[in-house]
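Q: One file is attached below, final.txt, containing compact mmCIF, C-alpha atoms.
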# COMPACT_ATOMS: atom_id res chain seq x y z
CA PHE A 1 15.66 -0.70 -3.10
CA PHE A 2 17.01 1.34 -5.99
CA CYS A 3 20.02 2.45 -3.97
CA ILE A 4 20.84 -1.19 -3.22
CA LEU A 5 20.40 -2.02 -6.90
CA LEU A 6 22.79 0.77 -7.89
CA LEU A 7 25.31 -0.43 -5.33
CA ILE A 8 25.16 -3.99 -6.67
CA THR A 9 25.56 -2.65 -10.22
CA HIS A 10 28.64 -0.72 -9.09
CA TRP A 11 30.19 -3.81 -7.49
CA LEU A 12 29.53 -5.93 -10.56
CA ALA A 13 31.05 -3.24 -12.80
CA ASN A 14 34.23 -3.38 -10.74
CA LEU A 15 34.19 -7.17 -10.95
CA TRP A 16 33.87 -7.04 -14.73
CA ALA A 17 36.74 -4.54 -14.95
CA LEU A 18 38.84 -6.93 -12.86
CA THR A 19 38.97 -9.32 -15.82
CA LEU A 20 41.36 -6.91 -17.54
CA VAL A 21 43.74 -7.29 -14.62
CA LEU A 22 43.47 -11.08 -14.48
CA ILE A 23 44.43 -11.36 -18.14
CA GLU A 24 46.90 -8.75 -19.33
CA GLU A 25 47.20 -7.46 -22.87
CA ASP A 26 50.65 -8.94 -23.54
CA GLU A 27 49.43 -12.50 -22.93
CA GLY A 28 47.90 -12.60 -26.40
CA VAL A 29 44.51 -13.81 -25.17
CA PRO A 30 41.48 -12.04 -26.72
CA ARG A 31 39.64 -9.78 -24.29
CA TRP A 32 36.32 -7.96 -24.42
CA ILE A 33 38.09 -4.60 -24.42
CA ASP A 34 39.85 -5.46 -27.72
CA GLU A 35 36.69 -4.72 -29.70
CA PHE A 36 36.84 -1.12 -28.51
CA ASP A 37 40.34 -0.70 -29.97
CA ALA A 38 38.96 -1.17 -33.47
CA ARG A 39 36.19 1.35 -32.84
CA GLU A 40 38.49 3.92 -31.27
CA LYS A 41 41.32 4.07 -33.80
CA ASN A 42 40.99 7.82 -34.21
CA PHE A 43 40.33 8.54 -30.53
CA VAL A 44 43.01 10.32 -28.54
CA THR A 45 42.06 8.59 -25.29
CA LYS A 46 40.90 5.02 -25.61
CA THR A 47 38.60 3.23 -23.19
CA LYS A 48 41.32 0.96 -21.82
CA ASP A 49 43.55 3.96 -21.10
CA SER A 50 40.92 6.01 -19.22
CA ALA A 51 39.66 4.91 -15.81
CA VAL A 52 36.49 6.99 -16.18
CA LYS A 53 35.61 5.65 -19.63
CA LEU A 54 36.41 2.11 -18.52
CA TYR A 55 34.19 2.40 -15.44
CA ILE A 56 31.31 3.85 -17.48
CA THR A 57 31.63 1.03 -20.01
CA CYS A 58 31.65 -1.63 -17.29
CA LEU A 59 28.71 0.05 -15.57
CA TYR A 60 26.86 0.08 -18.88
CA PHE A 61 27.48 -3.66 -19.31
CA THR A 62 26.32 -4.60 -15.81
CA SER A 63 23.31 -2.26 -16.05
CA TYR A 64 21.83 -3.90 -19.10
CA THR A 65 22.78 -7.31 -17.73
CA ILE A 66 21.05 -6.81 -14.38
CA THR A 67 17.91 -5.48 -16.10
CA SER A 68 17.87 -8.43 -18.54
CA VAL A 69 18.09 -6.15 -21.60
CA GLY A 70 21.21 -7.77 -23.03
CA TYR A 71 22.30 -5.70 -26.06
CA GLY A 72 25.18 -8.10 -26.71
CA ASP A 73 27.72 -5.50 -27.84
CA ILE A 74 29.97 -6.54 -24.94
CA SER A 75 30.57 -10.24 -24.36
CA PRO A 76 33.23 -12.52 -22.82
CA LYS A 77 36.10 -13.54 -25.09
CA ASN A 78 38.02 -15.99 -22.89
CA ILE A 79 37.42 -18.50 -20.12
CA VAL A 80 38.13 -16.05 -17.30
CA GLU A 81 35.66 -13.52 -18.66
CA THR A 82 33.13 -16.31 -19.17
CA VAL A 83 33.38 -17.35 -15.52
CA VAL A 84 33.10 -13.76 -14.31
CA CYS A 85 30.21 -13.10 -16.68
CA THR A 86 28.40 -16.17 -15.31
CA ILE A 87 28.83 -14.87 -11.76
CA VAL A 88 27.53 -11.46 -12.87
CA LEU A 89 24.49 -13.06 -14.52
CA VAL A 90 23.58 -15.11 -11.44
CA ILE A 91 23.94 -12.18 -9.04
CA SER A 92 22.09 -9.87 -11.44
CA GLY A 93 19.16 -12.24 -11.87
CA ILE A 94 18.70 -12.77 -8.14
CA SER A 95 19.09 -9.06 -7.33
CA TRP A 96 16.66 -7.97 -10.04
CA ALA A 97 14.04 -10.51 -8.94
CA VAL A 98 14.31 -9.47 -5.28
CA VAL A 99 14.08 -5.76 -6.08
CA LEU A 100 11.09 -6.24 -8.39
CA GLY A 101 9.33 -8.33 -5.75
CA GLN A 102 9.91 -5.70 -3.07
CA VAL A 103 8.72 -2.88 -5.33
CA CYS A 104 5.59 -4.76 -6.37
CA GLY A 105 4.84 -5.60 -2.74
CA THR A 106 5.25 -1.98 -1.71
CA ILE A 107 2.97 -0.74 -4.49
CA ALA A 108 0.35 -3.35 -3.61
CA ASN A 109 0.36 -2.32 0.05
CA LEU A 110 -0.15 1.33 -0.87
CA SER A 111 -3.71 0.49 -1.96
CA LYS A 112 -4.52 -2.18 0.60
CA ASP A 113 -8.09 -0.93 1.05
CA GLU A 114 -8.68 -1.12 -2.68
CA GLN A 115 -7.27 -4.65 -2.79
CA GLU A 116 -9.56 -5.78 0.02
CA PHE A 117 -12.55 -4.17 -1.68
CA ARG A 118 -11.79 -5.90 -4.98
CA SER A 119 -11.37 -9.19 -3.14
CA SER A 120 -14.80 -8.72 -1.53
CA MET A 121 -16.34 -7.94 -4.91
CA ASP A 122 -14.76 -11.06 -6.41
CA GLU A 123 -16.17 -13.19 -3.60
CA LEU A 124 -19.57 -11.57 -4.12
CA ASN A 125 -19.52 -12.33 -7.84
CA HIS A 126 -18.51 -15.94 -7.21
CA MET A 127 -21.27 -16.33 -4.62
CA MET A 128 -23.94 -14.88 -6.93
CA SER A 129 -22.77 -17.10 -9.77
CA ASP A 130 -22.70 -20.27 -7.65
CA ARG A 131 -26.12 -19.56 -6.12
CA VAL A 132 -27.60 -18.53 -9.49
CA LEU A 133 -29.14 -15.34 -8.09
CA PRO A 134 -31.47 -13.35 -10.36
CA ALA A 135 -30.06 -10.41 -12.30
CA LYS A 136 -32.09 -7.82 -10.38
CA MET A 137 -30.75 -9.02 -7.03
CA ARG A 138 -27.21 -9.09 -8.41
CA ARG A 139 -27.49 -5.43 -9.37
CA ARG A 140 -28.77 -4.55 -5.90
CA LEU A 141 -25.94 -6.41 -4.21
CA ARG A 142 -23.27 -4.78 -6.37
CA SER A 143 -24.83 -1.37 -5.79
CA PHE A 144 -24.83 -1.99 -2.03
CA PHE A 145 -21.14 -2.89 -1.94
CA LEU A 146 -20.13 0.02 -4.16
CA SER A 147 -22.11 2.59 -2.18
CA ASN A 148 -20.73 1.34 1.15
CA LYS A 149 -17.08 1.26 0.13
CA LEU A 150 -16.16 4.17 2.41
CA ALA A 151 -18.21 2.83 5.31
CA GLN A 152 -16.46 -0.52 5.09
CA ARG A 153 -13.09 1.22 5.25
CA ARG A 154 -14.17 3.07 8.38
CA ALA A 155 -15.27 -0.21 9.90
CA ARG A 156 -11.76 -1.56 9.31
CA HIS A 157 -10.39 1.55 11.00
CA MET A 158 -12.45 0.73 14.08
CA ARG A 159 -10.87 -2.71 14.22
CA VAL A 160 -7.51 -0.97 14.44
CA VAL A 161 -8.82 1.22 17.25
CA ASP A 162 -10.05 -1.85 19.12
CA SER A 163 -6.49 -3.19 19.23
CA LEU A 164 -5.27 -0.17 21.23
CA SER A 165 -4.93 -0.02 25.00
CA PRO A 166 -8.06 1.12 26.90
CA GLY A 167 -6.69 4.56 27.74
CA LEU A 168 -5.31 5.26 24.28
CA ARG A 169 -8.45 3.88 22.65
CA GLY A 170 -10.56 6.29 24.69
CA GLU A 171 -8.49 9.28 23.57
CA VAL A 172 -8.60 8.26 19.91
CA VAL A 173 -12.33 7.55 19.97
CA MET A 174 -13.02 10.91 21.61
CA GLU A 175 -11.14 12.77 18.90
CA MET A 176 -12.76 10.76 16.11
CA SER A 177 -16.27 11.24 17.54
CA ARG A 178 -16.03 14.83 18.77
CA VAL A 179 -17.94 16.20 15.77
CA TRP A 180 -21.12 14.23 16.40
CA ILE A 181 -20.76 14.35 20.20
CA GLU A 182 -21.28 18.10 19.92
CA LYS A 183 -24.60 17.41 18.16
CA VAL A 184 -25.99 15.30 21.03
CA SER A 185 -27.10 17.72 23.73
CA LEU A 186 -26.59 15.31 26.64
CA LEU A 187 -23.14 14.17 25.54
CA SER A 188 -22.11 17.69 24.57
CA SER A 189 -22.94 19.04 28.02
CA LEU A 190 -21.15 16.12 29.67
CA LEU A 191 -18.12 16.71 27.48
CA HIS A 192 -17.89 20.35 28.52
CA GLU A 193 -18.41 19.29 32.13
CA ALA A 194 -15.63 16.72 31.81
CA GLU A 195 -13.23 19.35 30.52
CA ALA A 196 -14.08 21.89 33.22
CA SER A 197 -14.98 19.87 36.34
CA SER A 198 -12.62 18.20 38.77
CA HIS A 199 -14.81 15.09 38.49
CA GLY A 200 -14.54 15.14 34.72
CA ALA A 201 -12.97 11.68 34.58
CA TYR A 202 -16.34 10.09 35.36
CA PHE A 203 -18.13 12.02 32.61
CA HIS A 204 -15.27 11.36 30.23
CA GLY A 205 -15.45 7.63 30.95
CA PHE A 206 -19.19 7.60 30.27
CA ILE A 207 -18.76 9.32 26.90
CA VAL A 208 -15.95 6.96 25.94
CA ASP A 209 -18.09 3.93 26.83
CA VAL A 210 -20.90 5.25 24.64
CA THR A 211 -18.63 5.95 21.67
CA VAL A 212 -16.79 2.63 21.97
CA GLY A 213 -20.14 0.84 22.12
CA LEU A 214 -21.21 2.21 18.75
CA GLN A 215 -21.69 -0.38 16.04
CA THR A 216 -21.35 0.20 12.32
CA SER A 217 -24.23 -1.05 10.20
CA PHE A 218 -24.92 -0.89 6.47
CA HIS A 219 -28.34 -0.69 4.88
CA ALA A 220 -29.45 -1.04 1.29
CA GLN A 221 -31.63 1.48 -0.49
CA SER A 222 -35.30 1.47 0.57
CA GLU A 223 -34.47 -0.81 3.50
CA VAL A 224 -36.53 -0.27 6.66
CA PHE A 225 -34.56 -0.23 9.90
CA GLY A 226 -34.53 1.47 13.26
CA SER A 227 -35.06 0.98 16.97
CA MET A 228 -36.63 3.26 19.55
CA GLN A 229 -33.80 2.79 22.02
CA ALA A 230 -30.87 3.64 19.79
CA LEU A 231 -28.75 6.62 18.85
CA TYR A 232 -28.13 6.91 15.11
CA ILE A 233 -25.34 8.78 13.35
CA LEU A 234 -25.56 8.92 9.57
CA SER A 235 -22.17 8.92 7.88
CA ARG A 236 -23.39 8.65 4.29
CA GLY A 237 -26.62 8.68 2.31
CA LEU A 238 -30.16 9.83 3.10
CA VAL A 239 -32.62 8.54 5.69
CA SER A 240 -36.25 9.54 6.14
CA ASN A 241 -38.37 9.08 9.26
CA LYS A 242 -41.26 10.83 10.96
CA CYS A 243 -38.97 13.70 11.94
CA GLY A 244 -37.98 14.44 8.35
CA ILE A 245 -35.13 13.66 6.00
CA HIS A 246 -31.62 13.22 7.37
CA SER A 247 -28.42 13.67 5.37
CA ALA A 248 -24.80 12.73 6.05
CA GLY A 249 -23.69 13.94 9.47
CA SER A 250 -27.18 13.91 10.98
CA VAL A 251 -27.83 12.53 14.46
CA TRP A 252 -31.18 11.34 15.80
CA GLY A 253 -32.41 9.25 18.68
CA VAL A 254 -30.73 11.57 21.19
CA GLY A 255 -33.17 10.44 23.87
CA PHE A 256 -31.68 6.95 23.90
CA VAL A 257 -30.53 7.36 27.52
CA LEU A 258 -34.09 7.96 28.72
CA SER A 259 -35.55 5.24 26.50
CA ASP A 260 -33.13 2.48 27.40
CA THR A 261 -34.11 0.88 30.71
CA LYS A 262 -30.59 -0.55 31.10
CA LEU A 263 -29.24 2.97 31.50
Could the structure of this file be written out as structure tokens, please?

A:
Amino acid sequence: FFCILLLITHWLANLWALTLVLIEEDEGVPRWIDEFDAREKNFVTKTKDSAVKLYITCLYFTSYTITSVGYGDISPKNIVETVVCTIVLVISGISWAVVLGQVCGTIANLSKDEQEFRSSMDELNHMMSDRVLPAKMRRRLRSFFLSNKLAQRRARHMRVVDSLSPGLRGEVVMEMSRVWIEKVSLLSSLLHEAEASSHGAYFHGFIVDVTVGLQTSFHAQSEVFGSMQALYILSRGLVSNKCGIHSAGSVWGVGFVLSDTKL
């Protein structure tokens, strides 16, 4: 975007310098460059006699014009310069607006997850206000959303995975889930068998089906949950059950295959 903006500034600078060619000095018509003659009486090389100084001056004019600064030390002095200056202003305004819009859009997309989270929080606040929920429940709801910010982002990642082809989805899910697969004795042994056996495709397919079938769920503090026929993987927080206290990365319910009659 900035390269395009610099290129447009360069073109406009050349266009502004063209006004000195359209109206020559001997015509007796005032020109914008005449003001520099008074300032440069004691200069050996004046702006109008140096291509480099003239280009820098024109670039300076178009730069502050395109950025809407407008110092006003250079201005049109005749009808030709007025027409050219109008063209420069129109092109500058459109170019600056387009570039700013693109930059703002790019910056906004860099934090898309944060934008979605803030949008969810705004909707939550509107809902609590419309439904006139008590203050204690409002605090619990806000705490729930804030503590599950990372989990919600991972849930969005899974929606991206679901859009992949079956084969590619299986490979991605296997790599994403390899850490906890190693913690489940049954799946770990099947994984090693799949990598070593000639019939590994069947074991690999079973593991992929299990990992793809996982569902993300969020629970508030002190909430009671759980099922006998389920495999649980804790990504964040603490959970206590009859087996003890589980922290992030813990896996329990490894006997889900034997408990589930469907399997």

Q: Quick one: pull the distance between atom CA of A:Val172 and atom CA of A:Lys149, Å, one decimal.

A: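 Computed distance, atom CA of A:Val172 to atom CA of A:Lys149, equals 22.6 Å.
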
Q: Do you know which residues are at most 10 Å from A:His219 counting all atoms listed in the file, after dropping those on the same chain fewer than 2 positions away, and could you put them as a ChimeraX atom specification?

A: /A:144,147-148,217,221-225,237

Q: Closest to A:Val173 among A:Ile207, A:Ile4, A:Ala17, A:Ile66, using all atoms listed in the file?

A: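 Of all the options, A:Ile207 lies closest to A:Val173.
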
Q: Atom CA of A:Ala248 and atom CA of A:Leu234 are how many Å apart?

A: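 We find that atom CA of A:Ala248 and atom CA of A:Leu234 lie 5.2 Å from each other.
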
Q: With all atoms listed in the file counted, which protein, DNA or RNA residues have an atom no more than 12 Å from (26.7, -2.0, -7.1) in the file frame? Please answer as a VMD selection string.

A: chain A and resid 1 to 16 58 to 60 62 to 63 66 88 91 to 92 95

Q: Name the residues in contact with A:Val179 at a cut-off of 12 Å, using only C-alpha atoms, excluding same-chain residues fewer than 2 positions from it; report them as a PyMOL selection string.

A: chain A and resi 173-177+181-184+187-188+191+211+233+235+249-251

Q: What's the separation between atom CA of A:Ala151 and atom CA of A:Ser247, in Å to one decimal place?

A: 14.9 Å

Q: Of the residues A:Leu214, A:Met121, A:Ala38, A:Ala196, which is the one nearest to A:Asp162, using only C-alpha atoms?

A: A:Leu214

Q: Would you please work out which residue, of A:Asn78, A:Ser165, A:Phe218, A:Asp49, is nearest to A:Asp37 when using all atoms listed in the file?

A: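 Distance minimum relative to A:Asp37 lands on A:Asp49.
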
Q: Set the distance at 12 Å and use all atoms listed in the file: which residues neighbour A:Phe117 once local chain neighbours fewer than 2 positions away are removed? I'd like the list as number ranges by chain.

A: A: 111-115, 119-124, 142, 145-153, 156

Q: Pick the closest to A:Leu89 from A:Gly255, A:Gly101, A:Lys77, A:Ser68: which is it, counting only C-alpha atoms?

A: A:Ser68

Q: At a cut-off of 10 Å, using all atoms listed in the file, what residues contact A:Gln215? Leave out same-chain residues fewer than 6 positions from it and give the result as an MDAnalysis selection string.

A: chainID A and resid 155 158 232

Q: Counting all atoms listed in the file, figure out which residue out of A:Ala220, A:Glu25, A:His157, A:Leu100 gets nearest to A:Leu238.

A: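 Residue with the minimum atom-to-atom distance to A:Leu238: A:Ala220.
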
Q: Using all atoms listed in the file, can you tell me which of A:Val254, A:Val84, A:Ala51, A:Leu164 comes closest to A:Leu18?

A: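 Closest candidate: A:Val84.
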
Q: Restore all heavy atoms in stretch 16-27 of chain A and list the result as a compact mmCIF listing (two decimals), keeping the file's coordinate frame.

A:
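What follows is the written file part.txt:
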# COMPACT_ATOMS: atom_id res chain seq x y z
N TRP A 16 33.67 -6.86 -13.29
CA TRP A 16 33.87 -7.04 -14.73
C TRP A 16 35.17 -6.36 -15.18
O TRP A 16 35.89 -6.89 -16.04
CB TRP A 16 32.68 -6.49 -15.49
CG TRP A 16 32.75 -6.68 -16.97
CD1 TRP A 16 32.81 -5.71 -17.92
CD2 TRP A 16 32.76 -7.93 -17.68
NE1 TRP A 16 32.86 -6.26 -19.18
CE2 TRP A 16 32.83 -7.63 -19.06
CE3 TRP A 16 32.73 -9.26 -17.28
CZ2 TRP A 16 32.86 -8.61 -20.03
CZ3 TRP A 16 32.76 -10.25 -18.26
CH2 TRP A 16 32.83 -9.92 -19.61
N ALA A 17 35.48 -5.22 -14.62
CA ALA A 17 36.74 -4.54 -14.95
C ALA A 17 37.94 -5.33 -14.45
O ALA A 17 39.04 -5.23 -15.02
CB ALA A 17 36.74 -3.13 -14.36
N LEU A 18 37.74 -6.13 -13.42
CA LEU A 18 38.84 -6.93 -12.86
C LEU A 18 39.36 -7.96 -13.86
O LEU A 18 40.52 -8.39 -13.76
CB LEU A 18 38.37 -7.62 -11.58
CG LEU A 18 39.41 -8.43 -10.79
CD1 LEU A 18 40.53 -7.51 -10.30
CD2 LEU A 18 38.75 -9.14 -9.61
N THR A 19 38.53 -8.34 -14.82
CA THR A 19 38.97 -9.32 -15.82
C THR A 19 40.15 -8.80 -16.64
O THR A 19 40.96 -9.59 -17.14
CB THR A 19 37.81 -9.68 -16.76
OG1 THR A 19 37.34 -8.49 -17.42
CG2 THR A 19 36.67 -10.31 -15.99
N LEU A 20 40.25 -7.49 -16.79
CA LEU A 20 41.36 -6.91 -17.54
C LEU A 20 42.66 -7.00 -16.77
O LEU A 20 43.75 -6.93 -17.36
CB LEU A 20 41.05 -5.44 -17.88
CG LEU A 20 39.79 -5.20 -18.71
CD1 LEU A 20 39.58 -3.72 -18.95
CD2 LEU A 20 39.84 -5.96 -20.03
N VAL A 21 42.55 -7.14 -15.45
CA VAL A 21 43.74 -7.29 -14.62
C VAL A 21 44.16 -8.76 -14.57
O VAL A 21 45.36 -9.09 -14.56
CB VAL A 21 43.48 -6.76 -13.20
CG1 VAL A 21 44.70 -6.95 -12.31
CG2 VAL A 21 43.09 -5.29 -13.26
N LEU A 22 43.17 -9.65 -14.55
CA LEU A 22 43.47 -11.08 -14.48
C LEU A 22 44.16 -11.57 -15.75
O LEU A 22 44.99 -12.49 -15.69
CB LEU A 22 42.18 -11.86 -14.23
CG LEU A 22 41.45 -11.57 -12.91
CD1 LEU A 22 40.15 -12.34 -12.83
CD2 LEU A 22 42.36 -11.93 -11.72
N ILE A 23 43.79 -11.00 -16.87
CA ILE A 23 44.43 -11.36 -18.14
C ILE A 23 44.97 -10.08 -18.77
O ILE A 23 44.21 -9.22 -19.20
CB ILE A 23 43.45 -12.05 -19.10
CG1 ILE A 23 42.95 -13.36 -18.49
CG2 ILE A 23 44.10 -12.31 -20.45
CD1 ILE A 23 42.00 -14.12 -19.37
N GLU A 24 46.28 -9.96 -18.82
CA GLU A 24 46.90 -8.75 -19.33
C GLU A 24 46.98 -8.78 -20.86
O GLU A 24 46.86 -9.83 -21.50
CB GLU A 24 48.29 -8.58 -18.72
CG GLU A 24 48.26 -8.42 -17.20
CD GLU A 24 49.64 -8.22 -16.62
OE1 GLU A 24 50.62 -8.27 -17.40
OE2 GLU A 24 49.75 -8.02 -15.39
N GLU A 25 47.22 -7.61 -21.41
CA GLU A 25 47.20 -7.46 -22.87
C GLU A 25 48.33 -8.23 -23.55
O GLU A 25 48.15 -8.78 -24.64
CB GLU A 25 47.29 -5.96 -23.21
CG GLU A 25 47.15 -5.66 -24.69
CD GLU A 25 47.17 -4.17 -24.97
OE1 GLU A 25 47.33 -3.39 -24.00
OE2 GLU A 25 47.02 -3.79 -26.14
N ASP A 26 49.50 -8.31 -22.90
CA ASP A 26 50.65 -8.94 -23.54
C ASP A 26 50.59 -10.46 -23.53
O ASP A 26 51.48 -11.13 -24.06
CB ASP A 26 51.94 -8.48 -22.86
CG ASP A 26 51.92 -8.72 -21.35
OD1 ASP A 26 50.94 -9.34 -20.86
OD2 ASP A 26 52.86 -8.27 -20.65
N GLU A 27 49.56 -11.05 -22.94
CA GLU A 27 49.43 -12.50 -22.93
C GLU A 27 48.91 -13.04 -24.25
O GLU A 27 48.93 -14.25 -24.48
CB GLU A 27 48.51 -12.94 -21.78
CG GLU A 27 49.07 -12.65 -20.40
CD GLU A 27 48.16 -13.17 -19.29
OE1 GLU A 27 47.26 -13.98 -19.60
OE2 GLU A 27 48.35 -12.77 -18.13
